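Structure file input_17.txt; described as compact mmCIF, N, CA and C atoms.
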```txt
# COMPACT_ATOMS: atom_id res chain seq x y z
N MET P 1 24.28 104.45 81.35
CA MET P 1 24.68 103.27 80.63
C MET P 1 24.74 102.08 81.61
N THR P 2 24.24 100.95 81.18
CA THR P 2 24.22 99.76 82.05
C THR P 2 25.59 99.07 82.05
N ARG P 3 25.76 98.14 83.01
CA ARG P 3 26.99 97.34 83.05
C ARG P 3 27.14 96.53 81.76
N ALA P 4 26.05 96.01 81.26
CA ALA P 4 26.08 95.23 80.03
C ALA P 4 26.48 96.10 78.83
N ASP P 5 26.02 97.35 78.82
CA ASP P 5 26.43 98.27 77.76
C ASP P 5 27.94 98.53 77.84
N ARG P 6 28.44 98.69 79.06
CA ARG P 6 29.89 98.89 79.25
C ARG P 6 30.66 97.66 78.79
N ALA P 7 30.12 96.48 79.05
CA ALA P 7 30.77 95.25 78.60
C ALA P 7 30.84 95.21 77.08
N THR P 8 29.81 95.71 76.42
CA THR P 8 29.81 95.77 74.95
C THR P 8 30.92 96.70 74.47
N GLN P 9 31.09 97.83 75.14
CA GLN P 9 32.17 98.75 74.78
C GLN P 9 33.53 98.09 74.98
N VAL P 10 33.70 97.41 76.11
CA VAL P 10 34.96 96.73 76.40
C VAL P 10 35.22 95.67 75.33
N TRP P 11 34.20 94.90 74.98
CA TRP P 11 34.33 93.88 73.94
C TRP P 11 34.88 94.50 72.65
N GLN P 12 34.29 95.62 72.23
CA GLN P 12 34.71 96.26 70.99
C GLN P 12 36.17 96.72 71.06
N ALA P 13 36.55 97.33 72.17
CA ALA P 13 37.93 97.79 72.33
C ALA P 13 38.91 96.62 72.33
N LEU P 14 38.53 95.53 73.00
CA LEU P 14 39.42 94.37 73.08
C LEU P 14 39.52 93.64 71.74
N LEU P 15 38.46 93.62 70.97
CA LEU P 15 38.54 93.03 69.63
C LEU P 15 39.53 93.80 68.76
N SER P 16 39.47 95.09 68.84
CA SER P 16 40.41 95.91 68.09
C SER P 16 41.84 95.64 68.53
N ALA P 17 42.07 95.56 69.82
CA ALA P 17 43.41 95.26 70.34
C ALA P 17 43.87 93.88 69.88
N ALA P 18 42.98 92.89 69.93
CA ALA P 18 43.34 91.54 69.51
C ALA P 18 43.73 91.52 68.03
N HIS P 19 42.94 92.21 67.23
CA HIS P 19 43.22 92.27 65.79
C HIS P 19 44.61 92.85 65.52
N ASN P 20 45.00 93.83 66.33
CA ASN P 20 46.29 94.50 66.17
C ASN P 20 47.40 93.90 67.03
N ARG P 21 47.11 92.75 67.67
CA ARG P 21 48.09 92.07 68.53
C ARG P 21 48.65 93.01 69.60
N GLN P 22 47.73 93.72 70.26
CA GLN P 22 48.11 94.68 71.29
C GLN P 22 47.56 94.27 72.64
N THR P 23 48.22 94.74 73.69
CA THR P 23 47.63 94.72 75.02
C THR P 23 47.21 96.15 75.33
N LEU P 24 46.33 96.30 76.29
CA LEU P 24 45.88 97.62 76.74
C LEU P 24 46.07 97.70 78.24
N THR P 25 46.52 98.84 78.73
CA THR P 25 46.55 99.03 80.17
C THR P 25 45.13 99.34 80.64
N TYR P 26 44.91 99.13 81.91
CA TYR P 26 43.59 99.43 82.47
C TYR P 26 43.23 100.89 82.23
N SER P 27 44.19 101.79 82.42
CA SER P 27 43.89 103.22 82.25
C SER P 27 43.60 103.56 80.79
N LEU P 28 44.32 102.95 79.85
CA LEU P 28 44.07 103.22 78.44
C LEU P 28 42.70 102.70 78.01
N LEU P 29 42.36 101.49 78.43
CA LEU P 29 41.03 100.94 78.10
C LEU P 29 39.94 101.82 78.70
N ALA P 30 40.11 102.20 79.95
CA ALA P 30 39.11 103.06 80.60
C ALA P 30 38.95 104.37 79.85
N GLU P 31 40.06 104.96 79.45
CA GLU P 31 40.00 106.22 78.71
C GLU P 31 39.28 106.03 77.38
N GLN P 32 39.54 104.92 76.70
CA GLN P 32 38.90 104.68 75.41
C GLN P 32 37.38 104.62 75.51
N ILE P 33 36.88 104.07 76.61
CA ILE P 33 35.42 103.93 76.71
C ILE P 33 34.78 104.98 77.63
N GLY P 34 35.58 105.89 78.16
CA GLY P 34 35.04 107.02 78.90
C GLY P 34 34.69 106.77 80.35
N ILE P 35 35.44 105.89 81.02
CA ILE P 35 35.22 105.66 82.45
C ILE P 35 36.57 105.70 83.15
N VAL P 36 36.58 105.55 84.46
CA VAL P 36 37.83 105.46 85.20
C VAL P 36 38.20 103.98 85.33
N ALA P 37 39.49 103.71 85.47
CA ALA P 37 39.98 102.33 85.50
C ALA P 37 39.33 101.50 86.60
N ALA P 38 39.00 102.12 87.72
CA ALA P 38 38.39 101.40 88.83
C ALA P 38 37.01 100.82 88.47
N GLU P 39 36.40 101.32 87.41
CA GLU P 39 35.08 100.85 86.99
C GLU P 39 35.15 99.73 85.95
N LEU P 40 36.34 99.25 85.64
CA LEU P 40 36.48 98.22 84.61
C LEU P 40 36.19 96.80 85.08
N ALA P 41 36.26 96.56 86.37
CA ALA P 41 36.15 95.18 86.87
C ALA P 41 34.86 94.51 86.39
N GLU P 42 33.72 95.14 86.58
CA GLU P 42 32.45 94.50 86.21
C GLU P 42 32.34 94.21 84.72
N PRO P 43 32.61 95.18 83.84
CA PRO P 43 32.52 94.83 82.42
C PRO P 43 33.54 93.78 81.98
N LEU P 44 34.73 93.79 82.58
CA LEU P 44 35.72 92.77 82.23
C LEU P 44 35.26 91.38 82.67
N VAL P 45 34.65 91.30 83.85
CA VAL P 45 34.11 90.02 84.32
C VAL P 45 33.00 89.54 83.38
N MET P 46 32.18 90.45 82.91
CA MET P 46 31.10 90.07 82.00
C MET P 46 31.65 89.57 80.66
N VAL P 47 32.67 90.24 80.15
CA VAL P 47 33.29 89.80 78.90
C VAL P 47 33.95 88.43 79.10
N ALA P 48 34.64 88.26 80.21
CA ALA P 48 35.27 86.97 80.51
C ALA P 48 34.21 85.86 80.60
N GLY P 49 33.09 86.16 81.22
CA GLY P 49 32.01 85.18 81.33
C GLY P 49 31.45 84.81 79.98
N TYR P 50 31.26 85.80 79.13
CA TYR P 50 30.76 85.53 77.78
C TYR P 50 31.74 84.63 77.03
N CYS P 51 33.03 84.95 77.13
CA CYS P 51 34.05 84.13 76.48
C CYS P 51 34.01 82.70 77.00
N ALA P 52 33.84 82.54 78.30
CA ALA P 52 33.80 81.20 78.90
C ALA P 52 32.59 80.42 78.39
N VAL P 53 31.43 81.05 78.38
CA VAL P 53 30.20 80.39 77.95
C VAL P 53 30.30 79.97 76.48
N LYS P 54 30.89 80.83 75.67
CA LYS P 54 31.00 80.56 74.23
C LYS P 54 32.27 79.78 73.87
N GLN P 55 33.04 79.40 74.88
CA GLN P 55 34.28 78.65 74.70
C GLN P 55 35.24 79.38 73.77
N LEU P 56 35.41 80.67 74.04
CA LEU P 56 36.31 81.53 73.30
C LEU P 56 37.54 81.84 74.16
N PRO P 57 38.65 82.19 73.54
CA PRO P 57 39.80 82.64 74.33
C PRO P 57 39.40 83.86 75.17
N PRO P 58 39.99 84.03 76.35
CA PRO P 58 39.56 85.09 77.27
C PRO P 58 40.08 86.48 76.87
N LEU P 59 39.26 87.23 76.18
CA LEU P 59 39.66 88.58 75.74
C LEU P 59 40.23 89.45 76.85
N PRO P 60 39.70 89.42 78.08
CA PRO P 60 40.24 90.31 79.11
C PRO P 60 41.72 90.09 79.45
N VAL P 61 42.30 88.99 78.98
CA VAL P 61 43.73 88.77 79.24
C VAL P 61 44.59 89.83 78.56
N LEU P 62 44.01 90.57 77.63
CA LEU P 62 44.74 91.64 76.95
C LEU P 62 44.88 92.89 77.79
N VAL P 63 44.17 92.96 78.90
CA VAL P 63 44.22 94.15 79.77
C VAL P 63 45.26 93.90 80.85
N VAL P 64 46.27 94.76 80.90
CA VAL P 64 47.43 94.53 81.76
C VAL P 64 47.77 95.75 82.61
N GLN P 65 48.53 95.49 83.66
CA GLN P 65 49.06 96.57 84.50
C GLN P 65 50.18 97.28 83.73
N VAL P 66 50.25 98.57 83.86
CA VAL P 66 51.24 99.34 83.13
C VAL P 66 52.67 98.96 83.52
N ASP P 67 52.90 98.62 84.77
CA ASP P 67 54.26 98.35 85.24
C ASP P 67 54.67 96.89 85.11
N MET P 68 53.73 95.98 85.00
CA MET P 68 54.05 94.55 84.98
C MET P 68 53.79 93.88 83.63
N GLY P 69 52.89 94.44 82.83
CA GLY P 69 52.54 93.80 81.58
C GLY P 69 51.70 92.55 81.75
N LYS P 70 51.12 92.37 82.92
CA LYS P 70 50.28 91.20 83.24
C LYS P 70 48.96 91.71 83.83
N PRO P 71 47.93 90.87 83.79
CA PRO P 71 46.67 91.25 84.44
C PRO P 71 46.87 91.45 85.95
N VAL P 72 46.01 92.24 86.55
CA VAL P 72 46.05 92.48 87.99
C VAL P 72 45.83 91.15 88.71
N THR P 73 46.52 90.96 89.83
CA THR P 73 46.32 89.77 90.65
C THR P 73 44.85 89.67 91.02
N GLY P 74 44.28 88.49 90.87
CA GLY P 74 42.86 88.31 91.12
C GLY P 74 42.01 88.54 89.88
N MET P 75 42.63 89.07 88.81
CA MET P 75 41.93 89.28 87.55
C MET P 75 42.65 88.53 86.44
N ALA P 76 43.38 87.50 86.80
CA ALA P 76 44.06 86.69 85.80
C ALA P 76 43.01 85.77 85.18
N TRP P 77 42.67 86.02 83.94
CA TRP P 77 41.56 85.33 83.28
C TRP P 77 41.94 83.95 82.79
N ALA P 78 43.20 83.57 82.98
CA ALA P 78 43.66 82.26 82.56
C ALA P 78 44.84 81.86 83.44
N SER P 79 45.05 80.56 83.61
CA SER P 79 46.16 80.11 84.44
C SER P 79 47.50 80.41 83.78
N ASP P 80 47.54 80.50 82.45
CA ASP P 80 48.75 80.87 81.71
C ASP P 80 48.41 82.06 80.81
N PRO P 81 48.57 83.29 81.34
CA PRO P 81 48.16 84.47 80.57
C PRO P 81 48.87 84.62 79.23
N ASP P 82 50.14 84.21 79.14
CA ASP P 82 50.86 84.34 77.88
C ASP P 82 50.27 83.42 76.81
N PHE P 83 49.98 82.18 77.19
CA PHE P 83 49.36 81.24 76.26
C PHE P 83 47.97 81.75 75.85
N ALA P 84 47.20 82.22 76.83
CA ALA P 84 45.85 82.72 76.55
C ALA P 84 45.89 83.94 75.63
N ARG P 85 46.87 84.82 75.86
CA ARG P 85 46.99 86.02 75.03
C ARG P 85 47.25 85.62 73.58
N GLU P 86 48.12 84.65 73.38
CA GLU P 86 48.39 84.21 72.00
C GLU P 86 47.14 83.59 71.38
N ALA P 87 46.37 82.85 72.16
CA ALA P 87 45.12 82.28 71.65
C ALA P 87 44.15 83.39 71.26
N VAL P 88 44.11 84.45 72.04
CA VAL P 88 43.25 85.60 71.71
C VAL P 88 43.71 86.22 70.39
N TYR P 89 45.02 86.42 70.23
CA TYR P 89 45.54 87.01 69.00
C TYR P 89 45.24 86.15 67.77
N GLN P 90 45.25 84.84 67.93
CA GLN P 90 45.07 83.93 66.80
C GLN P 90 43.60 83.73 66.40
N HIS P 91 42.68 84.06 67.30
CA HIS P 91 41.27 83.78 67.04
C HIS P 91 40.71 84.71 65.95
N ALA P 92 39.80 84.19 65.15
CA ALA P 92 39.16 84.95 64.07
C ALA P 92 37.93 85.70 64.62
N TRP P 93 38.16 86.70 65.43
CA TRP P 93 37.08 87.41 66.14
C TRP P 93 36.07 88.05 65.22
N PHE P 94 36.51 88.62 64.12
CA PHE P 94 35.59 89.34 63.25
C PHE P 94 34.67 88.43 62.44
N ARG P 95 34.87 87.14 62.55
CA ARG P 95 33.97 86.19 61.89
C ARG P 95 32.79 85.81 62.77
N LEU P 96 32.84 86.24 64.03
CA LEU P 96 31.77 85.93 64.98
C LEU P 96 30.65 86.95 64.90
N LYS P 97 29.45 86.52 65.24
CA LYS P 97 28.36 87.46 65.42
C LYS P 97 28.66 88.26 66.69
N PRO P 98 28.66 89.58 66.60
CA PRO P 98 28.97 90.38 67.80
C PRO P 98 27.89 90.20 68.87
N PRO P 99 28.32 90.10 70.12
CA PRO P 99 27.33 89.98 71.19
C PRO P 99 26.61 91.31 71.44
N ALA P 100 25.37 91.22 71.86
CA ALA P 100 24.59 92.39 72.26
C ALA P 100 24.74 92.56 73.77
N SER P 101 24.39 93.72 74.27
CA SER P 101 24.47 93.94 75.71
C SER P 101 23.59 92.93 76.46
N SER P 102 22.50 92.50 75.85
CA SER P 102 21.64 91.50 76.50
C SER P 102 22.35 90.15 76.66
N ASP P 103 23.27 89.84 75.76
CA ASP P 103 24.05 88.61 75.89
C ASP P 103 24.93 88.67 77.13
N PHE P 104 25.56 89.82 77.36
CA PHE P 104 26.40 89.98 78.55
C PHE P 104 25.56 89.94 79.82
N ALA P 105 24.39 90.55 79.79
CA ALA P 105 23.51 90.53 80.96
C ALA P 105 23.06 89.10 81.28
N LEU P 106 22.76 88.33 80.25
CA LEU P 106 22.35 86.94 80.46
C LEU P 106 23.48 86.12 81.08
N VAL P 107 24.68 86.28 80.56
CA VAL P 107 25.83 85.54 81.10
C VAL P 107 26.08 85.93 82.55
N GLU P 108 25.95 87.22 82.84
CA GLU P 108 26.13 87.69 84.23
C GLU P 108 25.09 87.04 85.13
N SER P 109 23.84 86.97 84.67
CA SER P 109 22.78 86.39 85.50
C SER P 109 23.01 84.89 85.74
N MET P 110 23.78 84.26 84.87
CA MET P 110 24.10 82.83 85.00
C MET P 110 25.27 82.60 85.96
N GLY P 111 25.95 83.69 86.35
CA GLY P 111 27.05 83.56 87.30
C GLY P 111 28.39 83.23 86.69
N PHE P 112 28.54 83.43 85.38
CA PHE P 112 29.80 83.15 84.73
C PHE P 112 30.70 84.38 84.74
N GLY P 113 32.02 84.13 84.65
CA GLY P 113 32.95 85.21 84.44
C GLY P 113 33.86 85.56 85.56
N GLU P 114 33.82 84.81 86.67
CA GLU P 114 34.72 85.13 87.77
C GLU P 114 36.16 84.86 87.36
N PRO P 115 37.10 85.73 87.78
CA PRO P 115 38.50 85.52 87.44
C PRO P 115 39.00 84.19 87.97
N VAL P 116 40.02 83.64 87.28
CA VAL P 116 40.63 82.36 87.68
C VAL P 116 41.41 82.55 88.96
```

Same coordinates, now as structure tokens:
Amino acid sequence: MTRADRATQVWQALLSAAHNRQTLTYSLLAEQIGIVAAELAEPLVMVAGYCAVKQLPPLPVLVVQVDMGKPVTGMAWASDPDFAREAVYQHAWFRLKPPASSDFALVESMGFGEPV
């Protein structure tokens, strides 16, 4: 599976979490898509980049450390994660055309998605 395919899986899991007003720990998200938590950085960066390009709230802000309830240092997708998380919860995600793995690959090739 490519990095872009993994980003598509992450997107789907995060949309579900957003719809249910949930956060996910890195380990729970990794388990849901069948990888180890250490492999989440690249797909999360790709999802963040897609959100930035499309001017959407940053979905990766829903992924938090189990002990802190906040994104990992260096992976804070917004300067105010609490405000960004609420924006993610309020967005009408299911009204959007779902991105394809090629969309994530294109955004990655453009250099978008680095953490704030």

Is it possible to get the axis-aligned box enclosing stretch 27-34 of chain P (all listed atoms, 3 Å extra per side) as lines of an AutoDock Vina configuration file, with centre and edge lengths in Å rounded to one decimal?
```
center_x = 39.5
center_y = 104.0
center_z = 78.9
size_x = 15.6
size_y = 12.1
size_z = 13.0
```

Among chain P, which ones does DSSP assign to helix (DSSP H, G or I) (computed from the backbone)? Answer as number ranges by chain. P: 3-19, 26-33, 37-39, 41-53, 59-62, 81-90, 93-95, 101-109

(request) Run DSSP on the backbone and grab whatever in chain P lands in strand (DSSP E); send it over as number ranges by chain. (result) P: 24-25, 63-64

Residue with the minimum atom-to-atom distance to P:Ser27, picked from P:Ala105, P:Val53, P:Val64, P:Ala92 with all atoms listed in the file counted, is P:Val64

Atom pair atom CA of P:Gly49 + atom N of P:Trp11, distance 11.8 Å

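Comparing the minimum interatomic distances between P:Val88 and each of P:Gln9, P:Glu39, P:Leu29, P:Pro58, counting all atoms listed in the file, we find that P:Pro58 sits nearest.
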
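For the atom pair formed by atom C of P:Pro57 and atom C of P:Ala84, the distance is 6.5 Å, given to one decimal.
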
- [ ] Around the point (36.0, 88.3, 77.6), in the coordinates given by the file, pick out the residues reaching within 8 Å, counting only N, CA and C atoms, and return them as a PyMOL selection string.
- [x] chain P and resi 10-11+43-52+56-61

Shortest contact to P:Ala4, candidates P:Leu62, P:Glu86, P:Glu42, P:Met68, atoms counted all atoms listed in the file, goes to P:Glu42

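Residues of protein, DNA and RNA with at least one atom no farther than 9 Å from (44.8, 99.8, 81.0) are, using only C-alpha atoms, P:Thr23, P:Leu24, P:Thr25, P:Tyr26, P:Ser27, P:Leu28, P:Leu29, P:Ala30, P:Glu31, P:Ala37, P:Val63, P:Val64, P:Gln65, P:Val66.
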
Mind writing the picked residues with N, CA and C atoms as a PDB file, in the frame of the given file?
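As a result, result.pdb now contains:
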```pdb
ATOM      1  N   THR P  23      48.220  94.740  73.690  1.00  0.00           N
ATOM      2  CA  THR P  23      47.630  94.720  75.020  1.00  0.00           C
ATOM      3  C   THR P  23      47.210  96.150  75.330  1.00  0.00           C
ATOM      4  N   LEU P  24      46.330  96.300  76.290  1.00  0.00           N
ATOM      5  CA  LEU P  24      45.880  97.620  76.740  1.00  0.00           C
ATOM      6  C   LEU P  24      46.070  97.700  78.240  1.00  0.00           C
ATOM      7  N   THR P  25      46.520  98.840  78.730  1.00  0.00           N
ATOM      8  CA  THR P  25      46.550  99.030  80.170  1.00  0.00           C
ATOM      9  C   THR P  25      45.130  99.340  80.640  1.00  0.00           C
ATOM     10  N   TYR P  26      44.910  99.130  81.910  1.00  0.00           N
ATOM     11  CA  TYR P  26      43.590  99.430  82.470  1.00  0.00           C
ATOM     12  C   TYR P  26      43.230 100.890  82.230  1.00  0.00           C
ATOM     13  N   SER P  27      44.190 101.790  82.420  1.00  0.00           N
ATOM     14  CA  SER P  27      43.890 103.220  82.250  1.00  0.00           C
ATOM     15  C   SER P  27      43.600 103.560  80.790  1.00  0.00           C
ATOM     16  N   LEU P  28      44.320 102.950  79.850  1.00  0.00           N
ATOM     17  CA  LEU P  28      44.070 103.220  78.440  1.00  0.00           C
ATOM     18  C   LEU P  28      42.700 102.700  78.010  1.00  0.00           C
ATOM     19  N   LEU P  29      42.360 101.490  78.430  1.00  0.00           N
ATOM     20  CA  LEU P  29      41.030 100.940  78.100  1.00  0.00           C
ATOM     21  C   LEU P  29      39.940 101.820  78.700  1.00  0.00           C
ATOM     22  N   ALA P  30      40.110 102.200  79.950  1.00  0.00           N
ATOM     23  CA  ALA P  30      39.110 103.060  80.600  1.00  0.00           C
ATOM     24  C   ALA P  30      38.950 104.370  79.850  1.00  0.00           C
ATOM     25  N   GLU P  31      40.060 104.960  79.450  1.00  0.00           N
ATOM     26  CA  GLU P  31      40.000 106.220  78.710  1.00  0.00           C
ATOM     27  C   GLU P  31      39.280 106.030  77.380  1.00  0.00           C
ATOM     28  N   ALA P  37      39.490 103.710  85.470  1.00  0.00           N
ATOM     29  CA  ALA P  37      39.980 102.330  85.500  1.00  0.00           C
ATOM     30  C   ALA P  37      39.330 101.500  86.600  1.00  0.00           C
ATOM     31  N   VAL P  63      44.170  92.960  78.900  1.00  0.00           N
ATOM     32  CA  VAL P  63      44.220  94.150  79.770  1.00  0.00           C
ATOM     33  C   VAL P  63      45.260  93.900  80.850  1.00  0.00           C
ATOM     34  N   VAL P  64      46.270  94.760  80.900  1.00  0.00           N
ATOM     35  CA  VAL P  64      47.430  94.530  81.760  1.00  0.00           C
ATOM     36  C   VAL P  64      47.770  95.750  82.610  1.00  0.00           C
ATOM     37  N   GLN P  65      48.530  95.490  83.660  1.00  0.00           N
ATOM     38  CA  GLN P  65      49.060  96.570  84.500  1.00  0.00           C
ATOM     39  C   GLN P  65      50.180  97.280  83.730  1.00  0.00           C
ATOM     40  N   VAL P  66      50.250  98.570  83.860  1.00  0.00           N
ATOM     41  CA  VAL P  66      51.240  99.340  83.130  1.00  0.00           C
ATOM     42  C   VAL P  66      52.670  98.960  83.520  1.00  0.00           C
TER      43      VAL P  66
END
```

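Going from atom CA of P:Ser102 to atom CA of P:Lys70 covers 29.4 Å.
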
One residue among P:Gln12, P:Met1, P:Ala17, P:Ile33 is nearest to P:Tyr89 when using only N, CA and C atoms, and that residue is P:Ala17
